[in-house]
Amino acid sequence: MARDTTDQTPLSSVSELSSYLEVGARPKDKFRIGTEHEKFAFFRADNSPVPYSGDASISALLKGMQAKLGWEPIMDGDNIIGLGEQSGQGAISIEPGGQFELSGAPLENIHETCKESNQHLAILKEIAEPMGIGFLGLGGSPKWSFNETPRMPKSRYGIMTNYMPKVGKQGLDMMYRTCTIQVNLDFSSEEDMARKMRVSMKLQYLATALFASSPFTEGKPNGLLSWRGDIWRDTDNQRAGVLPFVFKPDFGFNDYVEWALDVPMYFIVRDGKYRDCTNITFRQFMNGALKGEITDWEPTMGDWINHLSTLFPDVRLKRFLEMRGADGGPWRRICALPAFWVGLLYDDTALADAEKLTAEWTFEDVVAMRDAVPAKGLDAQIRGRSVLEASREVLAISKAGLKSRARLNGEGQDESIFLQPLEEVLAKKTTMAQDMLALFNGRWNGSVEPVFEEYQY
């Protein structure tokens, strides 16, 4: 998320919270694709992390991009922390450890998504190269310790950094040492939202396996294929993971709202200042928990929108659905992740086929798969079948969905061309993480340093 909102509309009832989500429904011909990707910035000279301040720094990259793009700077006090395209169609932001993120515009097809990523990376490279900065596409920071990783001066991150160790063992690693590729997708109605959320919640861990690319921590193999996937198993379990109520046949907006109301808050923003609210839930806030403590204690729609952005289930509901299960990766994977989900969720036949395939998968089955995938990858099991086997079926459904959409590029190719990196994973039966481990144990001679050269953008 690029910036925290300050919508001052007062909240008076819980029904308004559901109504906010319902407004996201849109006709199918207006469905769009919003792709986000994060990357680690490093100095090419010694593969060290890039600090926030200085002539060659994260802030200098943001200022360089601002000068080039003309986008509006997003400030936190005196610090530039992101850029927003004026019409709200895209944003650049920074994650807590300096991970550089593009939140893409809502686009009509994956061809446009790939073009957008290409343009972003080309402009960023132009600005970064004179500073000696490169960018790495992996799911987890392969070399730097937590203490070596820089801290970005963003107020919400300070509150989260203090809170995370109280609610899980790996929250700070999630914040400072992981990267992801995500896609945001639309729904046409409450029923359509529920179908898509249920299917994508069940299939999210196939994406974790297919995109696994975080096998190293502090210069050594960590025993996992997706360290990032494992981190999310113990970050802040009150607000993360698999949501059991999504599996109910009558799941709807109200279920998500009722869950969100009882999750502790992170903050509210008043007069441009962040106030730590980790000691209360949103329901307590609605019931007047801050009355008498601050003058403007009444909850606003902006508070609700910000709260929704601090919930971390593996599929997140806002006025769209966010697919959150994949590790970051090289450029081709920035296109493959949205292609995978668009093929499954934006074609009626594909969605029905995915529902049929996963109909018997229970909450317990899915949690067991989520627990196994970070270490076992494609060898993990779902109801007695390997994730590899299930992924082959699911990828075939996605490919058929993309072909049915028939969104063609100038050469007459449909969007299924972007699934090729995943088809390669399934053909080789090895993840990118396993490929890197083979290199580490072979040509790289037990060093992670070559990863910065071979897997940079």
# chains A, B, ... in the order shown; residues from 1 in each chain; ligands from 1
call {"tool": "select_by_dssp", "arguments": {"residues": "stretch 48-251 of chain A", "states": "strand (DSSP E or B)", "output": "VMD selection string"}}
result
chain A and resid 48 to 49 72 to 76 79 to 84 91 to 94 100 to 103 107 133 to 136 140 178 180 to 185 214 216 to 217 220 to 221 226 240 to 241
call {"tool": "write_last_selection", "arguments": {"atoms": "N, CA and C atoms", "output": "compact mmCIF listing (two decimals), in the first residue's frame"}}
result
# COMPACT_ATOMS: atom_id res chain seq x y z
N SER A 48 26.01 -5.20 -0.85
CA SER A 48 25.50 -4.73 0.44
C SER A 48 24.17 -4.01 0.25
N PRO A 49 23.37 -3.89 1.32
CA PRO A 49 22.06 -3.24 1.20
C PRO A 49 22.17 -1.73 1.02
N GLU A 72 3.49 12.35 -7.95
CA GLU A 72 3.42 13.12 -6.71
C GLU A 72 4.18 12.42 -5.58
N PRO A 73 5.08 13.12 -4.90
CA PRO A 73 5.78 12.47 -3.79
C PRO A 73 4.84 12.20 -2.62
N ILE A 74 5.02 11.07 -1.97
CA ILE A 74 4.27 10.73 -0.76
C ILE A 74 5.24 10.91 0.40
N MET A 75 4.87 11.76 1.36
CA MET A 75 5.77 12.14 2.44
C MET A 75 5.30 11.56 3.79
N ASP A 76 6.26 11.27 4.63
CA ASP A 76 5.99 10.95 6.03
C ASP A 76 6.86 11.92 6.82
N ASN A 79 10.26 13.05 5.18
CA ASN A 79 10.86 11.97 4.40
C ASN A 79 9.98 11.53 3.25
N ILE A 80 10.57 11.41 2.07
CA ILE A 80 9.86 10.85 0.93
C ILE A 80 9.80 9.33 1.11
N ILE A 81 8.59 8.78 1.06
CA ILE A 81 8.43 7.34 1.28
C ILE A 81 7.74 6.65 0.11
N GLY A 82 7.40 7.42 -0.93
CA GLY A 82 6.76 6.80 -2.08
C GLY A 82 6.38 7.84 -3.10
N LEU A 83 5.76 7.37 -4.18
CA LEU A 83 5.27 8.23 -5.26
C LEU A 83 3.90 7.74 -5.69
N GLY A 84 3.01 8.68 -5.98
CA GLY A 84 1.69 8.32 -6.48
C GLY A 84 1.44 8.95 -7.83
N ALA A 91 1.45 3.36 -8.06
CA ALA A 91 2.25 3.95 -7.00
C ALA A 91 3.57 3.20 -6.86
N ILE A 92 4.54 3.90 -6.32
CA ILE A 92 5.81 3.30 -5.92
C ILE A 92 5.93 3.50 -4.43
N SER A 93 6.30 2.44 -3.72
CA SER A 93 6.42 2.55 -2.27
C SER A 93 7.64 1.77 -1.81
N ILE A 94 7.97 1.93 -0.53
CA ILE A 94 9.10 1.19 0.04
C ILE A 94 8.62 0.37 1.22
N PHE A 100 11.91 -2.23 -2.73
CA PHE A 100 11.36 -1.21 -3.63
C PHE A 100 10.17 -1.82 -4.37
N GLU A 101 9.00 -1.19 -4.23
CA GLU A 101 7.76 -1.81 -4.74
C GLU A 101 7.07 -0.94 -5.79
N LEU A 102 6.64 -1.60 -6.85
CA LEU A 102 5.70 -0.98 -7.80
C LEU A 102 4.32 -1.57 -7.55
N SER A 103 3.36 -0.72 -7.23
CA SER A 103 1.96 -1.12 -7.19
C SER A 103 1.35 -0.65 -8.50
N LEU A 107 -5.06 -2.68 -14.95
CA LEU A 107 -4.93 -2.84 -16.41
C LEU A 107 -5.87 -3.93 -16.92
N ILE A 133 23.66 0.83 -8.11
CA ILE A 133 22.62 0.03 -7.44
C ILE A 133 22.00 -0.95 -8.42
N GLY A 134 21.80 -2.19 -7.97
CA GLY A 134 21.08 -3.20 -8.72
C GLY A 134 19.88 -3.69 -7.92
N PHE A 135 19.05 -4.55 -8.54
CA PHE A 135 17.84 -5.05 -7.89
C PHE A 135 17.74 -6.56 -8.05
N LEU A 136 17.37 -7.20 -6.96
CA LEU A 136 17.34 -8.66 -6.89
C LEU A 136 15.91 -9.15 -6.76
N GLY A 140 13.24 -13.99 -0.48
CA GLY A 140 13.84 -13.69 0.81
C GLY A 140 15.24 -13.14 0.65
N THR A 178 11.70 -9.98 3.31
CA THR A 178 10.98 -10.74 2.28
C THR A 178 10.50 -9.83 1.16
N THR A 180 7.64 -10.08 -2.40
CA THR A 180 6.55 -10.84 -3.00
C THR A 180 6.19 -10.28 -4.37
N ILE A 181 5.45 -11.09 -5.13
CA ILE A 181 4.70 -10.63 -6.30
C ILE A 181 3.23 -10.89 -5.97
N GLN A 182 2.37 -9.91 -6.12
CA GLN A 182 0.95 -10.05 -5.82
C GLN A 182 0.12 -9.57 -7.00
N VAL A 183 -1.13 -10.03 -7.04
CA VAL A 183 -2.06 -9.48 -8.02
C VAL A 183 -3.38 -9.18 -7.31
N ASN A 184 -4.00 -8.07 -7.70
CA ASN A 184 -5.28 -7.63 -7.17
C ASN A 184 -6.33 -7.82 -8.25
N LEU A 185 -7.42 -8.52 -7.90
CA LEU A 185 -8.44 -8.88 -8.89
C LEU A 185 -9.84 -8.52 -8.42
N SER A 214 13.17 -18.65 -1.96
CA SER A 214 13.85 -18.06 -0.79
C SER A 214 14.52 -19.15 0.04
N PHE A 216 17.75 -19.25 0.98
CA PHE A 216 18.96 -18.81 1.70
C PHE A 216 18.62 -17.77 2.77
N THR A 217 19.32 -17.84 3.89
CA THR A 217 19.26 -16.82 4.93
C THR A 217 20.68 -16.58 5.44
N LYS A 220 23.51 -18.75 3.87
CA LYS A 220 23.51 -20.22 3.93
C LYS A 220 22.13 -20.77 3.59
N PRO A 221 22.06 -22.01 3.10
CA PRO A 221 20.74 -22.64 2.94
C PRO A 221 20.01 -22.69 4.27
N SER A 226 10.72 -22.11 0.41
CA SER A 226 10.11 -20.78 0.57
C SER A 226 10.22 -20.36 2.03
N ALA A 240 -3.36 -13.17 10.09
CA ALA A 240 -2.72 -13.77 8.92
C ALA A 240 -3.20 -15.20 8.70
N GLY A 241 -2.81 -15.77 7.55
CA GLY A 241 -3.03 -17.19 7.30
C GLY A 241 -4.31 -17.53 6.56
call {"tool": "closest_residue", "arguments": {"among": "A:Val263, A:Ser200, A:Phe312, A:Glu190", "to": "A:Met175", "atoms": "only C-alpha atoms"}}
result
A:Phe312
call {"tool": "closest_atom_pairs", "arguments": {"of": "stretch 299-418 of chain A", "to": "stretch 443-457 of chain A", "cutoff": "10 Å", "atoms": "only C-alpha atoms", "output": "JSON lines"}}
result
{"residue": "A:Gly329", "atom": "CA", "partner": "A:Tyr455", "partner_atom": "CA", "distance": 8.2}
{"residue": "A:Pro330", "atom": "CA", "partner": "A:Tyr457", "partner_atom": "CA", "distance": 6.3}
{"residue": "A:Trp331", "atom": "CA", "partner": "A:Tyr457", "partner_atom": "CA", "distance": 6.4}
{"residue": "A:Arg332", "atom": "CA", "partner": "A:Tyr457", "partner_atom": "CA", "distance": 9.8}
call {"tool": "closest_residue", "arguments": {"among": "A:Ala41, A:Leu62, A:Ile110, A:Ala105", "to": "A:Asn409", "atoms": "only C-alpha atoms"}}
result
A:Ile110
call {"tool": "closest_residue", "arguments": {"among": "A:Ala400, A:Val387, A:Cys335, A:Ala67", "to": "A:Thr430", "atoms": "only C-alpha atoms"}}
result
A:Val387
call {"tool": "closest_residue", "arguments": {"among": "A:Ala359, A:Leu290, A:Tyr157, A:Ala326", "to": "A:Pro249", "atoms": "only C-alpha atoms"}}
result
A:Ala359
call {"tool": "residues_around", "arguments": {"residues": "A:Ser59", "least_positions_apart": "2", "cutoff": "10 Å", "atoms": "only C-alpha atoms", "output": "VMD selection string"}}
result
chain A and resid 50 to 57 61 to 65 79 to 82 94 98 152
call {"tool": "atom_distance", "arguments": {"atom1": "atom CA of A:Gly104", "atom2": "atom CA of A:Ile33"}}
result
8.6 Å
call {"tool": "atom_distance", "arguments": {"atom1": "atom CA of A:Asp435", "atom2": "atom CA of A:Leu388"}}
result
16.0 Å
call {"tool": "atom_distance", "arguments": {"atom1": "atom CA of A:Ala406", "atom2": "atom CA of A:Glu355"}}
result
21.8 Å
call {"tool": "residues_around", "arguments": {"residues": "A:Asn162", "least_positions_apart": "3", "cutoff": "12 Å", "atoms": "only C-alpha atoms", "output": "PDB file with N, CA and C atoms, in the first residue's frame"}}
result
ATOM      1  N   SER A 155       6.301   5.914   9.517  1.00  0.00           N
ATOM      2  CA  SER A 155       5.742   5.850  10.873  1.00  0.00           C
ATOM      3  C   SER A 155       5.026   4.542  11.165  1.00  0.00           C
ATOM      4  N   ARG A 156       4.242   4.049  10.220  1.00  0.00           N
ATOM      5  CA  ARG A 156       3.491   2.813  10.485  1.00  0.00           C
ATOM      6  C   ARG A 156       4.455   1.659  10.737  1.00  0.00           C
ATOM      7  N   TYR A 157       5.645   1.705  10.089  1.00  0.00           N
ATOM      8  CA  TYR A 157       6.603   0.614  10.273  1.00  0.00           C
ATOM      9  C   TYR A 157       7.212   0.622  11.677  1.00  0.00           C
ATOM     10  N   GLY A 158       7.359   1.817  12.259  1.00  0.00           N
ATOM     11  CA  GLY A 158       7.856   1.890  13.631  1.00  0.00           C
ATOM     12  C   GLY A 158       6.904   1.214  14.602  1.00  0.00           C
ATOM     13  N   ILE A 159       5.599   1.469  14.421  1.00  0.00           N
ATOM     14  CA  ILE A 159       4.585   0.849  15.274  1.00  0.00           C
ATOM     15  C   ILE A 159       4.587  -0.669  15.083  1.00  0.00           C
ATOM     16  N   PRO A 165       7.225  -8.501  17.598  1.00  0.00           N
ATOM     17  CA  PRO A 165       7.792  -9.520  18.494  1.00  0.00           C
ATOM     18  C   PRO A 165       6.835  -9.970  19.600  1.00  0.00           C
ATOM     19  N   LYS A 166       5.773  -9.220  19.840  1.00  0.00           N
ATOM     20  CA  LYS A 166       4.808  -9.579  20.883  1.00  0.00           C
ATOM     21  C   LYS A 166       3.822 -10.636  20.404  1.00  0.00           C
ATOM     22  N   VAL A 167       3.696 -10.800  19.090  1.00  0.00           N
ATOM     23  CA  VAL A 167       2.618 -11.651  18.565  1.00  0.00           C
ATOM     24  C   VAL A 167       3.115 -12.778  17.651  1.00  0.00           C
ATOM     25  N   GLY A 168       4.406 -12.928  17.477  1.00  0.00           N
ATOM     26  CA  GLY A 168       4.943 -13.994  16.643  1.00  0.00           C
ATOM     27  C   GLY A 168       6.453 -13.927  16.606  1.00  0.00           C
ATOM     28  N   GLY A 171       7.758 -12.013  12.583  1.00  0.00           N
ATOM     29  CA  GLY A 171       7.166 -10.809  12.008  1.00  0.00           C
ATOM     30  C   GLY A 171       8.184  -9.812  11.480  1.00  0.00           C
ATOM     31  N   LEU A 172       9.295  -9.655  12.191  1.00  0.00           N
ATOM     32  CA  LEU A 172      10.309  -8.694  11.739  1.00  0.00           C
ATOM     33  C   LEU A 172      11.003  -9.187  10.477  1.00  0.00           C
ATOM     34  N   MET A 175       8.727  -8.331   7.642  1.00  0.00           N
ATOM     35  CA  MET A 175       8.762  -6.916   7.290  1.00  0.00           C
ATOM     36  C   MET A 175      10.037  -6.538   6.534  1.00  0.00           C
ATOM     37  N   TYR A 266      -3.379  -1.464  14.353  1.00  0.00           N
ATOM     38  CA  TYR A 266      -1.996  -0.990  14.413  1.00  0.00           C
ATOM     39  C   TYR A 266      -1.957   0.485  14.797  1.00  0.00           C
ATOM     40  N   ASP A 276      -0.281   4.881  18.041  1.00  0.00           N
ATOM     41  CA  ASP A 276      -0.242   3.432  18.261  1.00  0.00           C
ATOM     42  C   ASP A 276      -1.560   2.983  18.901  1.00  0.00           C
ATOM     43  N   CYS A 277      -2.244   2.043  18.225  1.00  0.00           N
ATOM     44  CA  CYS A 277      -3.513   1.516  18.747  1.00  0.00           C
ATOM     45  C   CYS A 277      -3.478  -0.008  18.848  1.00  0.00           C
ATOM     46  N   THR A 278      -2.295  -0.564  19.043  1.00  0.00           N
ATOM     47  CA  THR A 278      -2.157  -2.022  19.071  1.00  0.00           C
ATOM     48  C   THR A 278      -2.799  -2.664  20.296  1.00  0.00           C
TER      49      THR A 278
END
call {"tool": "closest_residue", "arguments": {"among": "A:Gln204, A:Arg385, A:Asp173, A:Pro313", "to": "A:Gln238", "atoms": "only C-alpha atoms"}}
result
A:Pro313
call {"tool": "select_by_dssp", "arguments": {"residues": "stretch 330-432 of chain A", "states": "alpha helix (DSSP H)", "output": "NGL selection string"}}
result
:A and (331-345 or 348-358 or 363-376 or 387-405 or 420-428 or 432)
call {"tool": "closest_residue", "arguments": {"among": "A:Gly288, A:Gly229, A:Gly24, A:Gly34", "to": "A:Ala339", "atoms": "only C-alpha atoms"}}
result
A:Gly34
